[in-house]
Amino acid sequence: MKFELNLRKRNIPKEDLIADLQKVANEIGQGTLTAIIYAERGKYGVNTVLRKFDRSWNNALSAAGLDLNNRINIPEEELFKNLANIWEILGRQPVGKDIEKSNNLSKFSLGTYEKRFGGWNKALESFIEYINGNIGSESGTQEFTDIKAKRQLSQRTSKKINERLRFKILIRDSCICKICGASPAKNPEVHLDVDHIIPYSKGGETLEENLRTLCSKCNRGRSNHFIE
Ligand SMILES: [Zn+2]
């Protein structure tokens, strides 16, 4: 008689694996989870998880609504940039539901924002403070101070439109081209630029009142007339 080992693994439902991934991520207080941490704290083996998700840890994380890049302490600036991108794509203020993984809009999970800022609304508030230039990285703050100092000395602003200012203008203009009305919300191929109304080379300043949102088509058409 031939003796056969029963190597068939218990067939654990995906939902159970997902629930346990979420549980461990929650325990460590992060929106993501590495395989190493899961191996230490998880109820199932890493291989069991991998087998169920096409040998991809990221697939498993994605199914569990966790962040893919296995990074902990993601810089605030990156969280804000991601939020800005989503806002631009939607053409409106994102709600928590927009951040859920299922629609692939967000690089980070809703939980990451909620944990970092103490709730989605708080995340939005921090974001608005960020683009208004009140908080943020040191270099950003420095830049802001420089602009203020320049204004006081009646000197010119710098030509460069930084990320925050760019986004402030996009929100003000509802992420719609001020010439033709195109928007990424209506057509995903539309790319928006922030443009100097009076060109910088003609003495136009990099200030809110001299900036507007244009789609790249309208912006290119304009550059032909105003060579900077
Ligand atoms: Zn346009």
# chains A, B, ... in the order shown; residues from 1 in each chain; ligands from 1
>>> residues_near_ligand(ligand="ligand 1", cutoff="9 Å", atoms="only C-alpha atoms and all ligand atoms", output="ChimeraX atom specification")
/A:176-183,190,192,213-219
>>> residues_around(residues="stretch 204-212 of chain A", least_positions_apart="3", cutoff="8 Å", atoms="only C-alpha atoms", output="list of chain:residue names")
A:Arg156, A:Thr157, A:Ser158, A:Lys159, A:Lys160, A:Ile161, A:Leu165, A:Ile169, A:Leu170, A:Asp173, A:Lys178, A:Val194, A:Asp195, A:His196, A:Ile197, A:Ile198, A:Pro199, A:Tyr200, A:Ser201
>>> residues_around(residues="A:Ser109", least_positions_apart="2", cutoff="6 Å", atoms="only C-alpha atoms", output="ChimeraX atom specification")
/A:66-67,111-112
>>> residues_around(residues="A:Ile86", least_positions_apart="5", cutoff="8 Å", atoms="only C-alpha atoms", output="PyMOL selection string")
chain A and resi 94+105-106
>>> atom_distance(atom1="atom CA of A:Ile28", atom2="atom CA of A:Arg116")
13.4 Å
>>> atom_distance(atom1="atom CA of A:Phe117", atom2="atom CA of A:Tyr38")
25.0 Å
>>> atom_distance(atom1="atom CA of A:Arg166", atom2="atom CA of A:Glu77")
14.3 Å
